[in-house]
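Coordinates as given in model_26.pdb (PDB, C-alpha atoms):
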ATOM      1  CA  MET W 236     187.917 -48.822 -16.934
ATOM      2  CA  ARG W 237     187.315 -50.194 -13.434
ATOM      3  CA  GLN W 238     188.595 -53.619 -14.516
ATOM      4  CA  GLN W 239     191.769 -52.057 -15.940
ATOM      5  CA  ALA W 240     192.395 -50.228 -12.673
ATOM      6  CA  GLN W 241     191.947 -53.457 -10.682
ATOM      7  CA  LEU W 242     194.313 -55.333 -13.020
ATOM      8  CA  LYS W 243     196.922 -52.613 -12.620
ATOM      9  CA  SER W 244     196.490 -52.719  -8.838
ATOM     10  CA  SER W 245     196.901 -56.509  -8.831
ATOM     11  CA  LEU W 246     200.131 -56.186 -10.835
ATOM     12  CA  PHE W 247     201.528 -53.606  -8.387
ATOM     13  CA  LEU W 248     200.651 -55.870  -5.445
ATOM     14  CA  LEU W 249     202.209 -58.912  -7.148
ATOM     15  CA  ILE W 250     205.487 -57.052  -7.707
ATOM     16  CA  ALA W 251     205.428 -55.978  -4.054
ATOM     17  CA  ALA W 252     204.905 -59.614  -3.002
ATOM     18  CA  PHE W 253     207.877 -60.723  -5.129
ATOM     19  CA  ILE W 254     210.142 -58.059  -3.605
ATOM     20  CA  TRP W 255     209.005 -58.846  -0.059
ATOM     21  CA  GLY W 256     209.453 -62.579  -0.560
ATOM     22  CA  PHE W 257     213.138 -62.219  -1.383
ATOM     23  CA  ALA W 258     213.445 -59.519   1.292
ATOM     24  CA  PHE W 259     213.022 -62.265   3.920
ATOM     25  CA  VAL W 260     216.331 -63.658   2.652
ATOM     26  CA  ALA W 261     217.998 -60.235   2.861
ATOM     27  CA  GLN W 262     216.597 -59.652   6.359
ATOM     28  CA  ARG W 263     217.806 -63.083   7.517
ATOM     29  CA  GLU W 264     221.289 -62.379   6.166
ATOM     30  CA  GLY W 265     221.314 -58.947   7.803
ATOM     31  CA  MET W 266     220.832 -60.574  11.205
ATOM     32  CA  GLU W 267     224.327 -62.075  10.859
ATOM     33  CA  HIS W 268     225.897 -58.625  11.222
ATOM     34  CA  THR W 269     223.573 -56.321  13.141
ATOM     35  CA  GLY W 270     220.648 -56.201  15.567
ATOM     36  CA  PRO W 271     217.026 -56.316  14.401
ATOM     37  CA  PHE W 272     216.148 -52.738  15.412
ATOM     38  CA  THR W 273     219.356 -51.347  13.909
ATOM     39  CA  PHE W 274     218.730 -53.204  10.666
ATOM     40  CA  ASN W 275     215.156 -51.913  10.454
ATOM     41  CA  ALA W 276     216.130 -48.358  11.402
ATOM     42  CA  VAL W 277     218.682 -48.090   8.598
ATOM     43  CA  ARG W 278     216.686 -49.923   5.933
ATOM     44  CA  PHE W 279     213.577 -47.829   6.553
ATOM     45  CA  ALA W 280     215.701 -44.652   6.502
ATOM     46  CA  LEU W 281     217.111 -45.745   3.121
ATOM     47  CA  GLY W 282     213.578 -46.445   1.928
ATOM     48  CA  ALA W 283     212.477 -42.940   2.923
ATOM     49  CA  LEU W 284     215.450 -41.369   1.134
ATOM     50  CA  SER W 285     214.627 -43.295  -2.040
ATOM     51  CA  LEU W 286     211.098 -41.846  -2.010
ATOM     52  CA  VAL W 287     212.052 -38.175  -1.659
ATOM     53  CA  PRO W 288     213.200 -37.655  -5.305
ATOM     54  CA  LEU W 289     210.083 -39.424  -6.597
ATOM     55  CA  ILE W 290     207.764 -37.225  -4.522
ATOM     56  CA  TRP W 291     209.652 -34.096  -5.652
ATOM     57  CA  VAL W 292     209.317 -35.072  -9.332
ATOM     58  CA  MET W 293     205.620 -35.958  -8.998
ATOM     59  CA  ASP W 294     204.805 -32.705  -7.160
ATOM     60  CA  ARG W 295     206.631 -30.619  -9.781
ATOM     61  CA  LYS W 296     204.833 -32.506 -12.536
ATOM     62  CA  ALA W 297     201.486 -31.786 -10.851
ATOM     63  CA  GLY W 298     202.441 -28.103 -10.531
ATOM     64  CA  GLN W 299     201.472 -27.906  -6.853
ATOM     65  CA  THR W 300     201.935 -24.618  -4.999
ATOM     66  CA  HIS W 301     203.646 -24.340  -1.596
ATOM     67  CA  VAL W 302     200.247 -24.051   0.069
ATOM     68  CA  GLU W 303     199.005 -27.200  -1.690
ATOM     69  CA  LEU W 304     202.189 -29.074  -0.787
ATOM     70  CA  ARG W 305     201.853 -28.107   2.871
ATOM     71  CA  SER W 306     198.224 -29.151   2.868
ATOM     72  CA  SER W 307     198.932 -32.562   1.274
ATOM     73  CA  PHE W 308     201.740 -33.305   3.745
ATOM     74  CA  LYS W 309     199.516 -32.257   6.644
ATOM     75  CA  SER W 310     196.784 -34.584   5.388
ATOM     76  CA  ALA W 311     199.216 -37.499   5.007
ATOM     77  CA  SER W 312     200.952 -36.914   8.350
ATOM     78  CA  LEU W 313     198.215 -38.134  10.708
ATOM     79  CA  TYR W 314     197.434 -41.193   8.589
ATOM     80  CA  GLY W 315     201.146 -41.904   8.132
ATOM     81  CA  LEU W 316     201.874 -41.684  11.856
ATOM     82  CA  CYS W 317     199.074 -44.146  12.657
ATOM     83  CA  SER W 318     200.082 -46.689   9.998
ATOM     84  CA  GLY W 319     203.758 -46.129  10.865
ATOM     85  CA  LEU W 320     203.188 -47.212  14.469
ATOM     86  CA  ILE W 321     201.596 -50.456  13.301
ATOM     87  CA  LEU W 322     204.315 -50.902  10.676
ATOM     88  CA  PHE W 323     206.971 -50.542  13.390
ATOM     89  CA  ALA W 324     205.316 -53.232  15.521
ATOM     90  CA  GLY W 325     204.927 -55.669  12.628
ATOM     91  CA  ALA W 326     208.395 -55.068  11.183
ATOM     92  CA  SER W 327     210.095 -55.340  14.596
ATOM     93  CA  LEU W 328     208.399 -58.637  15.470
ATOM     94  CA  GLN W 329     209.187 -59.996  12.009
ATOM     95  CA  GLN W 330     212.851 -59.013  12.208
ATOM     96  CA  ILE W 331     213.307 -60.419  15.719
ATOM     97  CA  GLY W 332     211.568 -63.642  14.683
ATOM     98  CA  LEU W 333     213.996 -64.086  11.783
ATOM     99  CA  MET W 334     216.788 -64.500  14.349
ATOM    100  CA  TYR W 335     215.222 -67.806  15.432
ATOM    101  CA  THR W 336     213.533 -69.260  12.344
ATOM    102  CA  THR W 337     214.119 -69.685   8.615
ATOM    103  CA  ALA W 338     213.140 -67.149   5.934
ATOM    104  CA  GLY W 339     210.632 -69.593   4.422
ATOM    105  CA  LYS W 340     208.879 -70.414   7.711
ATOM    106  CA  ALA W 341     208.799 -66.747   8.736
ATOM    107  CA  ALA W 342     207.121 -65.826   5.463
ATOM    108  CA  PHE W 343     204.512 -68.585   5.684
ATOM    109  CA  VAL W 344     203.544 -67.689   9.254
ATOM    110  CA  THR W 345     203.447 -63.986   8.370
ATOM    111  CA  GLY W 346     201.177 -64.916   5.452
ATOM    112  CA  LEU W 347     198.442 -65.836   7.913
ATOM    113  CA  TYR W 348     197.267 -62.248   7.587
ATOM    114  CA  ILE W 349     195.270 -63.481   4.587
ATOM    115  CA  VAL W 350     193.063 -65.371   7.040
ATOM    116  CA  ILE W 351     193.186 -62.796   9.843
ATOM    117  CA  VAL W 352     192.100 -59.850   7.679
ATOM    118  CA  PRO W 353     188.546 -61.172   7.049
ATOM    119  CA  PHE W 354     188.120 -61.934  10.776
ATOM    120  CA  PHE W 355     189.239 -58.416  11.722
ATOM    121  CA  GLY W 356     186.759 -57.211   9.120
ATOM    122  CA  LEU W 357     183.978 -58.436  11.425
ATOM    123  CA  PHE W 358     184.771 -55.532  13.754
ATOM    124  CA  LEU W 359     184.227 -53.237  10.764
ATOM    125  CA  LYS W 360     180.826 -54.886  10.196
ATOM    126  CA  GLN W 361     182.078 -56.918   7.246
ATOM    127  CA  ARG W 362     180.518 -60.367   6.838
ATOM    128  CA  LEU W 363     182.626 -63.495   7.342
ATOM    129  CA  GLY W 364     181.766 -66.011   4.615
ATOM    130  CA  ILE W 365     182.036 -69.784   4.763
ATOM    131  CA  ASN W 366     185.145 -69.655   2.575
ATOM    132  CA  SER W 367     186.978 -67.509   5.103
ATOM    133  CA  ALA W 368     186.008 -69.872   7.931
ATOM    134  CA  VAL W 369     187.206 -72.937   5.961
ATOM    135  CA  GLY W 370     190.386 -71.084   5.003
ATOM    136  CA  ALA W 371     191.070 -70.260   8.642
ATOM    137  CA  ILE W 372     190.729 -73.912   9.699
ATOM    138  CA  LEU W 373     193.067 -75.082   6.919
ATOM    139  CA  ALA W 374     195.598 -72.377   7.761
ATOM    140  CA  VAL W 375     195.607 -73.287  11.456
ATOM    141  CA  ILE W 376     196.208 -76.963  10.576
ATOM    142  CA  GLY W 377     199.058 -75.865   8.318
ATOM    143  CA  LEU W 378     200.513 -73.639  11.017
ATOM    144  CA  TYR W 379     200.486 -76.573  13.433
ATOM    145  CA  LEU W 380     202.317 -78.850  10.973
ATOM    146  CA  LEU W 381     204.791 -76.145  10.001
ATOM    147  CA  CYS W 382     205.689 -74.663  13.358
ATOM    148  CA  MET W 383     204.805 -76.934  16.262
ATOM    149  CA  THR W 384     207.696 -78.831  17.789
ATOM    150  CA  ASP W 385     207.538 -82.376  19.145
ATOM    151  CA  LYS W 386     206.632 -80.840  22.518
ATOM    152  CA  LEU W 387     203.540 -79.244  20.951
ATOM    153  CA  THR W 388     204.871 -75.712  21.367
ATOM    154  CA  LEU W 389     205.514 -72.969  18.849
ATOM    155  CA  GLY W 390     209.145 -72.207  18.145
ATOM    156  CA  LYS W 391     210.317 -68.862  19.543
ATOM    157  CA  GLY W 392     210.792 -67.303  16.128
ATOM    158  CA  ASP W 393     207.463 -68.657  14.832
ATOM    159  CA  LEU W 394     205.640 -67.090  17.785
ATOM    160  CA  TYR W 395     207.147 -63.681  17.039
ATOM    161  CA  GLU W 396     206.074 -64.009  13.400
ATOM    162  CA  LEU W 397     202.564 -65.116  14.401
ATOM    163  CA  VAL W 398     202.007 -62.078  16.636
ATOM    164  CA  GLY W 399     203.500 -59.936  13.891
ATOM    165  CA  ALA W 400     200.898 -61.289  11.453
ATOM    166  CA  LEU W 401     198.203 -59.655  13.610
ATOM    167  CA  PHE W 402     199.842 -56.273  13.106
ATOM    168  CA  TRP W 403     200.294 -56.849   9.348
ATOM    169  CA  SER W 404     196.558 -57.572   9.161
ATOM    170  CA  VAL W 405     195.739 -54.276  10.879
ATOM    171  CA  HIS W 406     198.220 -52.515   8.579
ATOM    172  CA  ILE W 407     196.479 -53.847   5.446
ATOM    173  CA  LEU W 408     193.085 -52.648   6.688
ATOM    174  CA  MET W 409     194.532 -49.255   7.625
ATOM    175  CA  ILE W 410     196.176 -48.767   4.229
ATOM    176  CA  ASP W 411     192.923 -49.783   2.532
ATOM    177  CA  SER W 412     191.212 -46.899   4.302
ATOM    178  CA  PHE W 413     193.991 -44.285   4.322
ATOM    179  CA  SER W 414     195.095 -44.690   0.689
ATOM    180  CA  ARG W 415     191.689 -43.451  -0.456
ATOM    181  CA  LYS W 416     191.896 -40.270   1.636
ATOM    182  CA  THR W 417     195.335 -38.778   0.993
ATOM    183  CA  ASP W 418     198.383 -38.633  -1.309
ATOM    184  CA  VAL W 419     199.725 -42.207  -1.420
ATOM    185  CA  LEU W 420     203.402 -41.299  -1.878
ATOM    186  CA  LYS W 421     203.394 -38.884   1.056
ATOM    187  CA  LEU W 422     201.482 -41.420   3.156
ATOM    188  CA  SER W 423     204.170 -43.985   2.351
ATOM    189  CA  LEU W 424     206.969 -41.544   3.227
ATOM    190  CA  VAL W 425     205.486 -40.535   6.590
ATOM    191  CA  GLN W 426     204.784 -44.107   7.700
ATOM    192  CA  ILE W 427     208.310 -45.203   6.694
ATOM    193  CA  LEU W 428     209.925 -42.264   8.512
ATOM    194  CA  THR W 429     207.830 -43.038  11.616
ATOM    195  CA  CYS W 430     208.948 -46.667  11.584
ATOM    196  CA  SER W 431     212.588 -45.679  11.038
ATOM    197  CA  LEU W 432     212.579 -43.149  13.897
ATOM    198  CA  LEU W 433     210.996 -45.593  16.350
ATOM    199  CA  SER W 434     213.476 -48.292  15.256
ATOM    200  CA  PHE W 435     216.423 -45.918  15.854
ATOM    201  CA  ILE W 436     215.129 -45.152  19.364
ATOM    202  CA  ALA W 437     214.768 -48.893  20.098
ATOM    203  CA  ALA W 438     218.191 -49.661  18.574
ATOM    204  CA  PHE W 439     220.121 -47.091  20.633
ATOM    205  CA  SER W 440     218.203 -48.197  23.748
ATOM    206  CA  THR W 441     218.704 -51.957  23.434
ATOM    207  CA  GLU W 442     221.487 -52.701  20.936
ATOM    208  CA  LYS W 443     225.098 -51.839  20.196
ATOM    209  CA  VAL W 444     225.071 -49.922  16.919
ATOM    210  CA  GLU W 445     228.374 -50.468  15.072
ATOM    211  CA  LEU W 446     229.433 -49.115  11.681
ATOM    212  CA  ALA W 447     231.406 -52.302  10.992
ATOM    213  CA  GLY W 448     228.272 -54.422  11.298
ATOM    214  CA  LEU W 449     226.297 -52.046   9.076
ATOM    215  CA  SER W 450     229.104 -52.138   6.511
ATOM    216  CA  ASP W 451     229.050 -55.947   6.450
ATOM    217  CA  ALA W 452     225.274 -55.908   5.991
ATOM    218  CA  ILE W 453     225.313 -53.268   3.222
ATOM    219  CA  ILE W 454     223.843 -55.510   0.472
ATOM    220  CA  PRO W 455     220.879 -56.774   2.585
ATOM    221  CA  LEU W 456     220.357 -53.197   3.823
ATOM    222  CA  LEU W 457     220.280 -51.728   0.310
ATOM    223  CA  TYR W 458     217.837 -54.372  -0.907
ATOM    224  CA  GLY W 459     215.744 -54.187   2.254
ATOM    225  CA  GLY W 460     215.745 -50.382   2.190
ATOM    226  CA  ILE W 461     215.378 -49.312  -1.430
ATOM    227  CA  CYS W 462     213.497 -52.318  -2.833
ATOM    228  CA  SER W 463     211.518 -53.738   0.105
ATOM    229  CA  VAL W 464     210.694 -50.427   1.796
ATOM    230  CA  GLY W 465     210.931 -47.639  -0.780
ATOM    231  CA  ILE W 466     209.483 -49.524  -3.745
ATOM    232  CA  ALA W 467     207.337 -52.345  -2.311
ATOM    233  CA  TYR W 468     205.536 -50.419   0.459
ATOM    234  CA  THR W 469     204.702 -47.690  -2.045
ATOM    235  CA  LEU W 470     203.429 -50.274  -4.537
ATOM    236  CA  GLN W 471     201.256 -51.720  -1.751
ATOM    237  CA  ILE W 472     199.670 -48.354  -1.029
ATOM    238  CA  VAL W 473     199.151 -47.508  -4.707
ATOM    239  CA  GLY W 474     197.849 -51.020  -5.434
ATOM    240  CA  GLN W 475     195.411 -51.089  -2.524
ATOM    241  CA  LYS W 476     193.774 -47.888  -3.701
ATOM    242  CA  ASN W 477     191.700 -49.880  -6.217
ATOM    243  CA  ALA W 478     191.664 -53.312  -4.564
ATOM    244  CA  HIS W 479     189.469 -54.912  -1.888
ATOM    245  CA  PRO W 480     191.518 -55.538   1.294
ATOM    246  CA  THR W 481     190.947 -59.305   1.162
ATOM    247  CA  GLN W 482     191.891 -59.404  -2.526
ATOM    248  CA  ALA W 483     195.035 -57.408  -1.730
ATOM    249  CA  ALA W 484     195.890 -59.774   1.120
ATOM    250  CA  ILE W 485     195.726 -62.896  -1.064
ATOM    251  CA  ILE W 486     198.042 -61.371  -3.677
ATOM    252  CA  LEU W 487     200.474 -60.070  -1.075
ATOM    253  CA  SER W 488     200.472 -63.475   0.640
ATOM    254  CA  LEU W 489     202.307 -64.845  -2.399
ATOM    255  CA  GLU W 490     205.396 -63.392  -0.734
ATOM    256  CA  THR W 491     205.436 -66.671   1.212
ATOM    257  CA  VAL W 492     206.031 -68.639  -1.980
ATOM    258  CA  PHE W 493     208.750 -66.260  -3.175
ATOM    259  CA  ALA W 494     210.402 -66.393   0.268
ATOM    260  CA  ALA W 495     210.492 -70.196   0.215
ATOM    261  CA  ILE W 496     212.050 -70.087  -3.265
ATOM    262  CA  GLY W 497     214.556 -67.456  -2.164
ATOM    263  CA  GLY W 498     215.448 -69.372   1.000
ATOM    264  CA  TYR W 499     216.062 -72.522  -1.046
ATOM    265  CA  LEU W 500     218.101 -70.815  -3.796
ATOM    266  CA  LEU W 501     220.160 -68.415  -1.691
ATOM    267  CA  LEU W 502     220.285 -69.835   1.856
ATOM    268  CA  ASP W 503     220.015 -73.587   1.180
ATOM    269  CA  GLU W 504     216.945 -73.750   3.428
ATOM    270  CA  ILE W 505     214.994 -76.958   2.909
ATOM    271  CA  LEU W 506     211.635 -77.645   4.534
ATOM    272  CA  GLY W 507     210.982 -81.183   5.751
ATOM    273  CA  VAL W 508     208.045 -83.280   4.527
ATOM    274  CA  ARG W 509     205.897 -82.385   7.563
ATOM    275  CA  ALA W 510     206.663 -78.684   7.216
ATOM    276  CA  GLY W 511     206.089 -78.874   3.460
ATOM    277  CA  ILE W 512     202.613 -80.363   4.007
ATOM    278  CA  GLY W 513     201.959 -77.605   6.531
ATOM    279  CA  CYS W 514     202.917 -74.974   3.956
ATOM    280  CA  LEU W 515     200.552 -76.601   1.462
ATOM    281  CA  PHE W 516     197.664 -76.454   3.955
ATOM    282  CA  MET W 517     198.428 -72.802   4.692
ATOM    283  CA  LEU W 518     198.627 -71.931   0.994
ATOM    284  CA  VAL W 519     195.252 -73.573   0.344
ATOM    285  CA  GLY W 520     193.864 -71.781   3.393
ATOM    286  CA  MET W 521     195.032 -68.498   1.903
ATOM    287  CA  ILE W 522     193.441 -69.222  -1.480
ATOM    288  CA  VAL W 523     190.050 -70.623  -0.393
ATOM    289  CA  PRO W 524     188.687 -67.233   0.818
ATOM    290  CA  GLN W 525     189.157 -65.892  -2.718
ATOM    291  CA  LEU W 526     187.207 -68.671  -4.475
ATOM    292  CA  PRO W 527     183.471 -68.484  -5.328
ATOM    293  CA  PRO W 528     181.367 -69.144  -2.183
ATOM    294  CA  LEU W 529     181.448 -72.875  -1.407
ATOM    295  CA  TRP W 530     177.745 -73.031  -0.650
ATOM    296  CA  ARG W 531     177.011 -71.729  -4.146
ATOM    297  CA  VAL W 532     179.325 -74.317  -5.672
ATOM    298  CA  GLY W 533     177.541 -77.050  -3.688
ATOM    299  CA  LEU W 534     174.131 -75.721  -4.662
ATOM    300  CA  LYS W 535     175.111 -75.607  -8.330
ATOM    301  CA  ALA W 536     176.462 -79.170  -8.162
ATOM    302  CA  GLY W 537     173.188 -80.312  -6.559
ATOM    303  CA  VAL W 538     171.177 -78.696  -9.332
ATOM    304  CA  ASN W 539     173.331 -80.395 -11.980
ATOM    305  CA  VAL W 540     172.856 -83.787 -10.300
ATOM    306  CA  ARG W 541     169.075 -83.360 -10.238
ATOM    307  CA  LYS W 542     169.146 -82.473 -13.911
TER     308      LYS W 542
END
Go ahead and render the structure in this file as structure tokens.
Amino acid sequence: MRQQAQLKSSLFLLIAAFIWGFAFVAQREGMEHTGPFTFNAVRFALGALSLVPLIWVMDRKAGQTHVELRSSFKSASLYGLCSGLILFAGASLQQIGLMYTTAGKAAFVTGLYIVIVPFFGLFLKQRLGINSAVGAILAVIGLYLLCMTDKLTLGKGDLYELVGALFWSVHILMIDSFSRKTDVLKLSLVQILTCSLLSFIAAFSTEKVELAGLSDAIIPLLYGGICSVGIAYTLQIVGQKNAHPTQAAIILSLETVFAAIGGYLLLDEILGVRAGIGCLFMLVGMIVPQLPPLWRVGLKAGVNVRK
């Protein structure tokens, strides 16, 4: 039964990764017509709207009373506000970074959360294995090859995405904890509404919000709102309920592969040889932490040799 639940969770997370990968393309296209905060404000608002009917249907199906509904929303509110603040930071940095870098590179740098999550786990008294350390080294080498310019500096967009990866790492750890304590759909709704509200405040404070620009970006907004926010963020929360945070991170990091494919197919983005090698290093660095412990593999090989 436990194995079935984990398999189901992995499938939910994989679908979320697929949606998010192609969302990088939609977000990049949206930047042609509107500002980053405006784009995020509207797409997260659309995502919240798409969740309301689902929550209504699920609550009616469960036969919850008004008192129970109020209690479940109250429980989800505090957790949702906390995760929503982190979501706003990560989403804002990601969207701003996409103004200066490609969809594929943005996704690969963002994918570094697969390495960061285990390191942050140290503060939660989780052990850091040799695989995670090796994965971190490989990922850093890959990041250097992918992002560093000839002047040995990170590109502006890459730097935004790198800082954003720190917030995505915190978000994964938060969702791992919160999804086990409250209604996952209401948690998703509250965090999305929080991110949308903060994005609207930032947009009206720093950008010129125009209906013409929003109209031109309607397709990226619909995909980014309904699919990337409403569906994928909910799938993440539901999926993480029965998955270890590091396991969830490795599956979600596959968004980098889908983003590279989407960038190539839809935006004609082509990575050079050096950047391609960097992506390969980063991908291996993401996978290594999920393999059997290297010291056990070495020990087993030594035993076989002695035999």
Compute the distance from (199.9, -59.0, 11.0) to each atom, counting only C-alpha atoms, keep the residues with any atom at most 8 Å away, and return them as a compact mmCIF listing (two decimals) with C-alpha atoms, in the coordinates of the input; use the coordinates of the file.
# COMPACT_ATOMS: atom_id res chain seq x y z
CA GLY W 325 204.93 -55.67 12.63
CA THR W 345 203.45 -63.99 8.37
CA LEU W 347 198.44 -65.84 7.91
CA TYR W 348 197.27 -62.25 7.59
CA ILE W 351 193.19 -62.80 9.84
CA LEU W 397 202.56 -65.12 14.40
CA VAL W 398 202.01 -62.08 16.64
CA GLY W 399 203.50 -59.94 13.89
CA ALA W 400 200.90 -61.29 11.45
CA LEU W 401 198.20 -59.66 13.61
CA PHE W 402 199.84 -56.27 13.11
CA TRP W 403 200.29 -56.85 9.35
CA SER W 404 196.56 -57.57 9.16
CA VAL W 405 195.74 -54.28 10.88
CA HIS W 406 198.22 -52.52 8.58
I would like the residues chosen by the PyMOL selection byres ((chain W and resi 415) around 10) on the shown file; could you give them as a VMD selection string?
chain W and resid 410 to 414 416 to 419 472 to 473 475 to 477
Just give me the gap between CA of Leu501 (chain W) and CA of Leu333 (chain W) in Å, one decimal is fine.
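Atom-to-atom, CA of Leu501 (chain W) to CA of Leu333 (chain W), that is 15.4 Å.
The nearest approach to Val508 (chain W) among the residues W:Leu373, W:Leu380, W:Leu422, W:Ala447, with all atoms listed in the file taken into account, belongs to W:Leu380.
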Given all atoms listed in the file as the counted atoms, nearest of W:Gly390, W:Gly332, W:Gly370, W:Pro353 to Ala483 (chain W)
W:Pro353
I'd like to see the residues matched by the PyMOL selection byres ((chain W and resi 448-452) around 9) on this file, and ideally I'd get them as a list in words.
Glu264, Gly265, Met266, Glu267, His268, Thr269, Gly270, Thr273, Phe274, Val277, Val444, Glu445, Leu446, Ala447, Ile453, Ile454, Pro455, Leu456 and Leu457 of chain W
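Using all atoms listed in the file for every distance, the candidate list W:Ile427, W:Ala478, W:Ile331, W:Ile512 yields W:Ala478 as the residue closest to Gln241 (chain W).
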Report as a list of chain:residue names all protein, DNA and RNA residues lying within 9 Å of Ile486 (chain W), evaluated on only C-alpha atoms, omitting residues in the same chain fewer than 5 positions from it.
W:Ser245, W:Leu248, W:Leu249, W:Ala252, W:Ile349, W:Thr481
For Ala338 (chain W), which residue out of W:Phe247, W:Phe259, W:Phe493, W:Phe355 is the nearest one, using all atoms listed in the file?
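The shortest atom-to-atom distance to Ala338 (chain W) comes from W:Phe259.
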From the options W:Phe257, W:Ser367, W:Ile321, W:Met293, which residue's atoms come nearest to Pro527 (chain W), counting all atoms listed in the file?
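Of W:Phe257, W:Ser367, W:Ile321, W:Met293, the one nearest Pro527 (chain W), counting all atoms listed in the file, is W:Ser367.
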Expressed in Å, the length from CA of Met517 (chain W) to CA of Glu490 (chain W) is 12.9 Å
So the first atom is CA of Gly520 (chain W) and the second is CA of Ile496 (chain W); what is the distance between them in Å, to one decimal place?
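Straight-line distance from CA of Gly520 (chain W) to CA of Ile496 (chain W) works out to 19.4 Å.
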Best match for closeness to Gly319 (chain W) among W:Leu428, W:Leu487, W:Leu246, W:Ile522, counting all atoms listed in the file
W:Leu428
Could you expand the PyMOL selection byres ((chain W and resi 515) around 12) into the explicit residues it covers here, written as number ranges by chain?
W: 343, 373-381, 491-492, 495, 506, 508-514, 516-522
Env of Glu504 (chain W): 8 Å cut, atoms = only C-alpha atoms, seq-sep filter 5 positions within chain, self excluded. Answer as a PyMOL selection string.
chain W and resi 337+339+498-499
